[in-house]
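input.csv (CSV, C-alpha atoms) appears below.
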```csv
chain,number,residue,atom,x,y,z
A,1,MET,CA,0.0,0.0,0.0
A,2,GLN,CA,1.2,3.5,-0.9
A,3,TYR,CA,0.0,6.8,0.4
A,4,LEU,CA,0.1,10.2,-1.2
A,5,TYR,CA,0.4,13.2,1.2
A,6,SER,CA,-0.1,16.8,0.5
A,7,PHE,CA,1.4,19.5,2.7
A,8,ALA,CA,0.9,23.2,3.4
A,9,TRP,CA,3.2,25.5,5.4
A,10,GLN,CA,4.0,29.1,5.9
A,11,LYS,CA,7.3,30.5,4.6
A,12,ASP,CA,8.9,30.6,8.1
A,13,GLU,CA,7.8,27.0,8.7
A,14,PHE,CA,9.6,25.3,5.8
A,15,GLU,CA,12.6,24.0,7.8
A,16,ILE,CA,10.6,22.6,10.8
A,17,SER,CA,8.0,21.1,8.4
A,18,ARG,CA,10.8,19.2,6.6
A,19,LEU,CA,12.4,18.1,9.9
A,20,GLU,CA,9.0,16.6,10.9
A,21,MET,CA,8.7,15.1,7.4
A,22,ARG,CA,12.1,13.4,7.8
A,23,THR,CA,11.2,11.9,11.2
A,24,PHE,CA,8.0,10.4,9.7
A,25,PHE,CA,9.2,9.2,6.3
A,26,ASN,CA,13.1,9.1,6.6
A,27,PHE,CA,13.3,11.6,3.7
A,28,ASP,CA,11.9,15.0,2.7
A,29,VAL,CA,10.8,16.7,-0.6
A,30,GLU,CA,11.0,20.3,-1.7
A,31,ASP,CA,7.4,20.5,-3.0
A,32,ASN,CA,4.1,19.8,-1.2
A,33,VAL,CA,3.5,16.2,-2.3
A,34,LEU,CA,5.1,13.1,-0.9
A,35,ILE,CA,4.4,9.4,-1.7
A,36,SER,CA,5.4,6.8,0.8
A,37,GLU,CA,4.6,3.3,2.1
A,38,GLN,CA,4.4,4.8,5.6
A,39,LYS,CA,0.9,5.4,6.9
A,40,ILE,CA,0.6,8.6,9.1
A,41,GLU,CA,-2.7,10.0,10.5
A,42,PRO,CA,-3.0,13.4,8.8
A,43,SER,CA,-4.4,15.1,11.9
A,44,ARG,CA,-1.1,14.5,13.7
A,45,SER,CA,0.8,17.0,11.7
A,46,PRO,CA,0.1,20.7,11.5
A,47,PHE,CA,1.5,20.6,7.9
A,48,VAL,CA,-0.3,17.6,6.4
A,49,ARG,CA,-3.5,18.6,4.5
A,50,GLU,CA,-4.7,15.2,3.5
A,51,ARG,CA,-3.7,11.6,2.8
A,52,LEU,CA,-4.7,9.6,-0.3
A,53,ASP,CA,-4.7,5.8,0.3
A,54,ILE,CA,-3.8,4.8,-3.2
A,55,TRP,CA,-6.0,2.1,-4.7
A,56,ALA,CA,-4.8,2.4,-8.3
A,57,GLN,CA,-2.6,4.5,-10.6
A,58,GLY,CA,-2.2,4.9,-14.3
A,59,THR,CA,-0.9,7.2,-17.1
A,60,THR,CA,-4.4,7.9,-18.4
A,61,ILE,CA,-7.8,8.5,-16.8
A,62,GLU,CA,-9.2,5.6,-18.8
A,63,GLN,CA,-7.0,3.2,-16.9
A,64,LEU,CA,-8.5,4.4,-13.6
A,65,VAL,CA,-12.0,4.1,-15.1
A,66,GLY,CA,-11.3,0.5,-15.8
A,67,PHE,CA,-10.3,0.0,-12.1
A,68,ALA,CA,-13.3,2.0,-10.9
A,69,LYS,CA,-15.6,-0.5,-12.5
A,70,GLN,CA,-14.2,-3.2,-10.2
A,71,ILE,CA,-14.7,-1.2,-7.0
A,72,GLN,CA,-17.2,-2.9,-4.6
A,73,LEU,CA,-18.7,-0.5,-2.0
A,74,GLY,CA,-21.8,-2.5,-1.1
A,75,ASP,CA,-24.3,-0.2,0.5
A,76,LYS,CA,-21.8,2.7,1.1
A,77,SER,CA,-22.3,6.0,-0.7
A,78,PHE,CA,-19.4,7.9,-2.1
A,79,LYS,CA,-18.2,11.3,-3.3
A,80,ILE,CA,-15.2,12.1,-5.5
A,81,HIS,CA,-12.9,15.0,-4.9
A,82,ALA,CA,-10.2,16.0,-7.5
A,83,LEU,CA,-7.2,17.6,-5.8
A,84,ASN,CA,-5.7,19.6,-8.6
A,85,ASN,CA,-7.3,22.8,-7.6
A,86,SER,CA,-6.4,26.1,-5.9
A,87,GLU,CA,-7.3,24.9,-2.4
A,88,ASP,CA,-5.3,21.6,-2.4
A,89,ALA,CA,-2.6,23.3,-4.4
A,90,ILE,CA,-1.3,20.2,-6.2
A,91,LEU,CA,0.2,20.9,-9.5
A,92,PRO,CA,-0.7,20.9,-12.3
A,93,LYS,CA,-3.8,23.1,-11.4
A,94,LEU,CA,-6.6,21.9,-13.6
A,95,THR,CA,-9.7,23.9,-14.6
A,96,ARG,CA,-13.0,23.1,-13.1
A,97,THR,CA,-14.2,21.7,-16.4
A,98,VAL,CA,-11.3,19.3,-16.6
A,99,ARG,CA,-11.7,18.2,-13.0
A,100,ASN,CA,-15.5,17.7,-13.4
A,101,ASP,CA,-14.9,15.6,-16.5
A,102,MET,CA,-12.4,13.4,-14.6
A,103,MET,CA,-14.7,13.0,-11.7
A,104,ARG,CA,-17.7,12.2,-13.9
A,105,LYS,CA,-15.9,9.5,-15.7
A,106,ILE,CA,-14.8,7.8,-12.5
A,107,GLY,CA,-18.2,8.4,-10.8
A,108,PHE,CA,-20.2,6.8,-13.5
A,109,ALA,CA,-17.9,3.7,-13.5
A,110,ILE,CA,-18.4,3.0,-9.8
A,111,ASP,CA,-21.4,0.7,-9.0
A,112,ALA,CA,-22.6,2.5,-5.9
A,113,GLU,CA,-24.8,5.5,-4.9
A,114,PRO,CA,-23.1,8.9,-5.0
A,115,ASP,CA,-23.8,11.4,-2.1
A,116,LEU,CA,-22.4,14.9,-2.4
A,117,ASP,CA,-23.5,16.0,1.1
A,118,ASN,CA,-22.8,13.1,3.5
A,119,PRO,CA,-21.0,10.3,1.8
A,120,ASP,CA,-19.8,7.2,3.6
A,121,LEU,CA,-16.6,7.3,1.6
A,122,LEU,CA,-14.6,10.2,0.2
A,123,ILE,CA,-12.6,9.1,-2.9
A,124,GLY,CA,-9.7,11.2,-4.0
A,125,LEU,CA,-8.5,11.7,-7.6
A,126,VAL,CA,-5.3,13.5,-8.5
A,127,LEU,CA,-2.9,14.0,-11.3
A,128,TYR,CA,0.7,14.3,-10.1
A,129,LYS,CA,3.9,14.2,-12.3
A,130,ASP,CA,1.9,12.8,-15.2
A,131,VAL,CA,0.4,9.9,-13.2
A,132,TYR,CA,-3.3,9.7,-12.2
A,133,TYR,CA,-3.9,8.3,-8.7
A,134,LEU,CA,-7.2,7.1,-7.2
A,135,GLY,CA,-8.0,6.1,-3.6
A,136,GLU,CA,-9.7,6.9,-0.3
A,137,LEU,CA,-9.1,10.5,0.8
A,138,VAL,CA,-8.5,11.3,4.5
A,139,HIS,CA,-8.5,15.0,5.4
A,140,GLY,CA,-6.4,16.3,8.3
A,141,GLU,CA,-8.0,18.2,11.1
A,142,ALA,CA,-6.3,21.2,12.7
A,143,VAL,CA,-6.6,19.8,16.2
A,144,TRP,CA,-4.0,22.2,17.5
A,145,LEU,CA,-6.3,25.2,16.7
A,146,HIS,CA,-8.6,24.0,19.5
A,147,HIS,CA,-5.7,24.4,22.0
A,148,MET,CA,-4.8,27.9,21.3
A,149,GLN,CA,-7.0,29.5,24.0
A,150,LYS,CA,-5.9,28.1,27.3
A,151,PRO,CA,-7.1,29.1,30.8
A,152,GLU,CA,-3.5,29.7,31.7
A,153,MET,CA,-1.1,31.5,29.3
A,154,TYR,CA,2.6,32.0,29.3
A,155,SER,CA,4.1,34.5,26.9
A,156,THR,CA,7.3,32.6,26.2
A,157,ALA,CA,5.5,29.2,25.5
A,158,LEU,CA,5.7,27.6,22.1
A,159,SER,CA,2.7,28.0,19.8
A,160,THR,CA,0.4,25.0,19.8
A,161,ARG,CA,1.3,24.5,16.1
A,162,ASP,CA,5.0,24.4,16.8
A,163,ALA,CA,4.6,22.3,19.9
A,164,ARG,CA,2.6,19.7,17.9
A,165,ALA,CA,5.4,19.5,15.3
A,166,ILE,CA,8.0,19.1,18.0
A,167,VAL,CA,6.1,16.3,19.6
A,168,ASN,CA,6.0,14.5,16.3
A,169,ILE,CA,9.7,15.1,15.8
A,170,ALA,CA,10.4,13.7,19.3
A,171,ALA,CA,8.1,10.6,18.9
A,172,PRO,CA,7.0,10.0,15.3
A,173,PHE,CA,6.1,6.4,16.2
A,174,PRO,CA,5.2,6.6,19.9
A,175,GLN,CA,3.9,3.1,20.7
A,176,GLY,CA,5.6,1.8,23.7
A,177,LEU,CA,7.7,5.0,24.2
A,178,LYS,CA,8.1,6.7,27.6
A,179,VAL,CA,8.3,10.4,27.0
A,180,ILE,CA,9.0,13.3,29.4
A,181,ASP,CA,9.0,17.1,29.2
A,182,PRO,CA,11.1,17.9,32.3
A,183,CYS,CA,10.9,21.7,31.8
A,184,CYS,CA,7.2,21.7,30.8
A,185,GLY,CA,6.2,25.3,31.6
A,186,ILE,CA,2.5,25.9,31.1
A,187,GLY,CA,2.1,22.5,29.4
A,188,THR,CA,1.8,23.3,25.7
A,189,VAL,CA,3.8,20.3,24.6
A,190,LEU,CA,2.0,18.1,27.1
A,191,VAL,CA,-1.4,19.1,25.7
A,192,GLU,CA,-0.4,18.4,22.1
A,193,ALA,CA,1.2,15.0,23.0
A,194,MET,CA,-1.9,13.9,24.9
A,195,SER,CA,-4.2,15.0,22.2
A,196,MET,CA,-2.4,12.5,19.9
A,197,GLY,CA,-2.7,9.8,22.5
A,198,ILE,CA,1.0,9.9,23.4
A,199,PRO,CA,1.6,9.2,27.1
A,200,ILE,CA,3.8,11.9,28.4
A,201,GLU,CA,5.0,13.1,31.9
A,202,GLY,CA,5.9,16.7,32.8
A,203,ARG,CA,7.8,18.5,35.5
A,204,ASP,CA,9.0,22.0,36.2
A,205,ILE,CA,10.9,23.7,39.0
A,206,ASN,CA,8.4,26.6,39.0
A,207,LYS,CA,5.3,25.7,41.2
A,208,ARG,CA,3.3,28.4,39.5
A,209,VAL,CA,3.6,27.1,36.0
A,210,VAL,CA,3.1,23.5,37.1
A,211,TRP,CA,-0.2,24.6,38.7
A,212,GLY,CA,-1.0,26.4,35.4
A,213,SER,CA,-0.1,23.3,33.3
A,214,ARG,CA,-2.4,21.1,35.4
A,215,ILE,CA,-5.3,23.6,34.9
A,216,ASN,CA,-4.7,23.6,31.1
A,217,LEU,CA,-4.5,19.8,30.9
A,218,ARG,CA,-7.8,19.3,32.8
A,219,HIS,CA,-9.4,22.1,30.7
A,220,PHE,CA,-8.9,19.9,27.6
A,221,GLY,CA,-9.9,16.7,29.4
A,222,TYR,CA,-6.5,15.2,30.1
A,223,GLU,CA,-5.4,13.9,33.4
A,224,PRO,CA,-2.2,15.8,34.3
A,225,ARG,CA,1.0,13.8,35.2
A,226,VAL,CA,3.0,16.8,36.2
A,227,GLU,CA,5.4,17.1,39.1
A,228,VAL,CA,7.2,20.0,40.8
A,229,GLY,CA,10.9,19.7,40.8
A,230,PRO,CA,14.1,20.2,38.8
A,231,ILE,CA,15.3,17.9,36.1
A,232,GLU,CA,18.1,16.8,38.4
A,233,GLU,CA,15.6,15.0,40.5
A,234,ALA,CA,13.9,13.2,37.6
A,235,SER,CA,14.3,9.4,37.4
A,236,GLU,CA,15.9,7.6,34.5
A,237,GLY,CA,14.3,5.2,32.0
A,238,TYR,CA,12.7,7.5,29.4
A,239,ASP,CA,13.0,7.0,25.7
A,240,VAL,CA,12.6,10.7,24.8
A,241,ALA,CA,13.0,14.0,26.6
A,242,ILE,CA,11.8,17.3,25.1
A,243,ILE,CA,13.6,20.4,26.4
A,244,ASP,CA,12.5,23.9,25.6
A,245,MET,CA,15.3,26.2,26.6
A,246,PRO,CA,14.6,29.9,25.7
A,247,TYR,CA,16.2,30.9,28.9
A,248,ASN,CA,18.7,33.6,28.2
A,249,LEU,CA,16.2,35.9,26.5
A,250,PHE,CA,13.5,35.8,29.2
A,251,THR,CA,15.0,34.4,32.4
A,252,HIS,CA,18.3,34.8,34.1
A,253,ILE,CA,20.0,31.5,34.2
A,254,SER,CA,23.6,30.5,34.4
A,255,GLU,CA,25.5,28.5,31.8
A,256,ASP,CA,26.2,25.9,34.5
A,257,LEU,CA,22.4,25.4,35.0
A,258,GLN,CA,21.9,25.1,31.2
A,259,GLN,CA,24.7,22.5,31.2
A,260,SER,CA,23.0,20.6,34.0
A,261,ILE,CA,19.7,20.5,32.2
A,262,ILE,CA,21.2,19.1,29.1
A,263,THR,CA,23.4,16.6,31.0
A,264,ASN,CA,20.5,15.4,33.1
A,265,ALA,CA,18.3,15.1,30.0
A,266,ARG,CA,21.0,12.8,28.6
A,267,ARG,CA,21.0,10.9,31.9
A,268,ILE,CA,17.2,10.3,32.0
A,269,ALA,CA,16.5,9.7,28.3
A,270,LYS,CA,18.0,7.9,25.3
A,271,ARG,CA,17.0,10.7,22.9
A,272,VAL,CA,16.7,14.4,23.6
A,273,ILE,CA,14.9,17.1,21.6
A,274,ILE,CA,16.3,20.5,22.4
A,275,VAL,CA,14.6,23.8,21.5
A,276,THR,CA,16.9,26.7,22.1
A,277,ILE,CA,17.4,30.4,21.1
A,278,GLU,CA,21.2,30.1,21.2
A,279,ALA,CA,23.9,27.7,20.2
A,280,MET,CA,24.2,24.8,22.6
A,281,ASP,CA,26.7,22.7,20.6
A,282,ASP,CA,29.4,22.7,23.2
A,283,LYS,CA,27.1,21.9,26.1
A,284,ILE,CA,25.5,19.1,24.0
A,285,THR,CA,29.0,17.6,23.3
A,286,ARG,CA,29.9,17.8,27.0
A,287,ALA,CA,26.7,15.8,27.8
A,288,ASN,CA,27.9,13.1,25.4
A,289,LEU,CA,25.1,13.8,22.9
A,290,THR,CA,25.4,14.2,19.2
A,291,ILE,CA,23.1,16.4,17.0
A,292,THR,CA,21.7,14.0,14.4
A,293,ASP,CA,19.3,16.5,12.7
A,294,GLN,CA,18.1,20.0,13.2
A,295,ALA,CA,16.0,22.9,11.9
A,296,ILE,CA,15.3,26.6,12.5
A,297,LEU,CA,11.9,27.4,13.9
A,298,LYS,CA,11.1,31.0,13.0
A,299,LYS,CA,8.5,33.5,14.2
A,300,GLY,CA,9.1,36.8,12.5
A,301,THR,CA,12.6,37.9,13.4
A,302,PHE,CA,12.7,35.5,16.4
A,303,GLU,CA,14.4,32.2,15.8
A,304,ARG,CA,14.7,29.0,17.8
A,305,GLN,CA,16.8,25.9,16.9
A,306,VAL,CA,15.2,22.5,17.1
A,307,LEU,CA,17.9,19.9,17.7
A,308,ILE,CA,17.6,16.1,17.6
A,309,CYS,CA,20.3,14.7,19.9
A,310,GLU,CA,21.2,11.1,20.6
```

Write the structure described by the file as structure tokens, please.
Amino acid sequence: MQYLYSFAWQKDEFEISRLEMRTFFNFDVEDNVLISEQKIEPSRSPFVRERLDIWAQGTTIEQLVGFAKQIQLGDKSFKIHALNNSEDAILPKLTRTVRNDMMRKIGFAIDAEPDLDNPDLLIGLVLYKDVYYLGELVHGEAVWLHHMQKPEMYSTALSTRDARAIVNIAAPFPQGLKVIDPCCGIGTVLVEAMSMGIPIEGRDINKRVVWGSRINLRHFGYEPRVEVGPIEEASEGYDVAIIDMPYNLFTHISEDLQQSIITNARRIAKRVIIVTIEAMDDKITRANLTITDQAILKKGTFERQVLICE
């Protein structure tokens, strides 16, 4: 089985979207379409628009018509959506007349009842690099949008969109993983992880923000697993630690404490994702970690580095 994914991103998000892409698929692409045998739920990523579960492909629409005649939907109704339009932004962009003709040919060939309003199955049709693809279409949902308004806010926290991407970078395939955010702040990363069904623990040295993170998690229906305390007191045995370190810009903190955070992240976890506003290469090396991949996360003129360390 192969899957065709379409992506959308803002200019400042290109690097972080490609880092997420590499963690999911082990490669990235320059444009907004990727074909892979790896199945990813589109709603997990803030950059994936939709996934086409490819049933058939061909160099002509007539070849897909031949396949469509063999489709067995039983009592299920269907609707066909052609992706080569302005909204889905898959090139080449085809005129409405051409798209309608393609959909009509496929629709007439399927022995089932069409339903344009509430179909049981959404079927996608796309022309990409001179090949026609047909299959079940799964749209992504911008789950992170629902988490933007929290009861407790923190001006230096990651955006929900960025936090969701960072969770995916940390744990693209989370089954069986033990994940921790030992400097969790107001809980933005925790909320995004739990919304994807990823078990995660949090802790922070600041009692006030731990209290706020618990309020936020309960607000969205998640049971908080957040403790008060420094990373130095965290136990070992985690697979991944996510560390957001925008300290020098907003909070007075010594380089020794920065080093301690990174060193202890290495102690408690096999893999560490570091988000930082300044270079941490020397501290990462001293903690016996190696940067295996990275990206720049931009917000206007403000930049953070996202570092995968092992």

Find the nearest atom pair between each residue of stretch 124-178 of chain A and stretch 198-201 of chain A for residues within 10 Å, count only C-alpha atoms, give distances in Å to one decimal, sort rows by chain and ascending number, and present the table as a Markdown table.
```
| residue | atom | partner | partner_atom | distance |
| --- | --- | --- | --- | --- |
| A:Val167 | CA | A:Ile198 | CA | 9.0 |
| A:Asn168 | CA | A:Ile198 | CA | 9.8 |
| A:Ala171 | CA | A:Ile198 | CA | 8.4 |
| A:Phe173 | CA | A:Ile198 | CA | 9.5 |
| A:Pro174 | CA | A:Ile198 | CA | 6.4 |
| A:Gln175 | CA | A:Ile198 | CA | 7.9 |
| A:Gly176 | CA | A:Pro199 | CA | 9.1 |
| A:Leu177 | CA | A:Pro199 | CA | 8.0 |
| A:Lys178 | CA | A:Ile200 | CA | 6.8 |
```

> Which polymer residues have any atom within 8 Å of an atom of stretch 263-275 of chain A, counting only C-alpha atoms, with same-chain residues fewer than 4 positions away left out, as number ranges by chain?
Replying inline: A: 170, 231-232, 234-246, 259, 284, 286-289, 304-310

> Suppose you want the space between atom CA of A:Val138 and atom CA of A:Ile54; what is it in Å?
Replying inline: 11.1 Å

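Nearest residue to A:Ile80, choosing from A:Glu141, A:Glu255, A:Asp120, A:Glu13 and counting all atoms listed in the file: A:Asp120.
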
>> I want to know what sits within 12 Å of A:Ala112, based on all atoms listed in the file, with residues of the same chain fewer than 5 positions away left out; could you give that as a PyMOL selection string?
In response: chain A and resi 68-79+106-107+119-121

> Using all atoms listed in the file, which of A:Glu37, A:Glu227, A:Asp204, A:Asp162 sits nearest A:Ser17?
Replying inline: A:Asp162

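Pairwise distance (atom CA of A:Leu134, atom CA of A:Thr23) equals 26.5 Å.
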
Using 12 Å as the limit and counting only C-alpha atoms, can you tabulate each residue of stretch 163-228 of chain A that touches stretch 294-297 of chain A, with its shortest atom-to-atom distance in Å and the two atoms involved, as CSV?
```
residue,atom,partner,partner_atom,distance
A:Ala163,CA,A:Leu297,CA,10.7
A:Ala165,CA,A:Leu297,CA,10.3
A:Ile166,CA,A:Leu297,CA,10.0
A:Ile169,CA,A:Gln294,CA,10.1
A:Ala170,CA,A:Gln294,CA,11.7
```

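Atom CA of A:Pro42 sits 24.6 Å away from atom CA of A:Asn216.
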
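In this comparison, which uses only C-alpha atoms, the residue of A:Gln2, A:Ser260, A:Ser254, A:Thr301 approaching A:Trp55 most closely is A:Gln2.
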
> Which residue gives the smallest distance to A:Glu20 among A:Pro172, A:Gly202, A:Glu192, A:Met103, with only C-alpha atoms counted?
Replying inline: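 For A:Glu20, the nearest of the given residues is A:Pro172.
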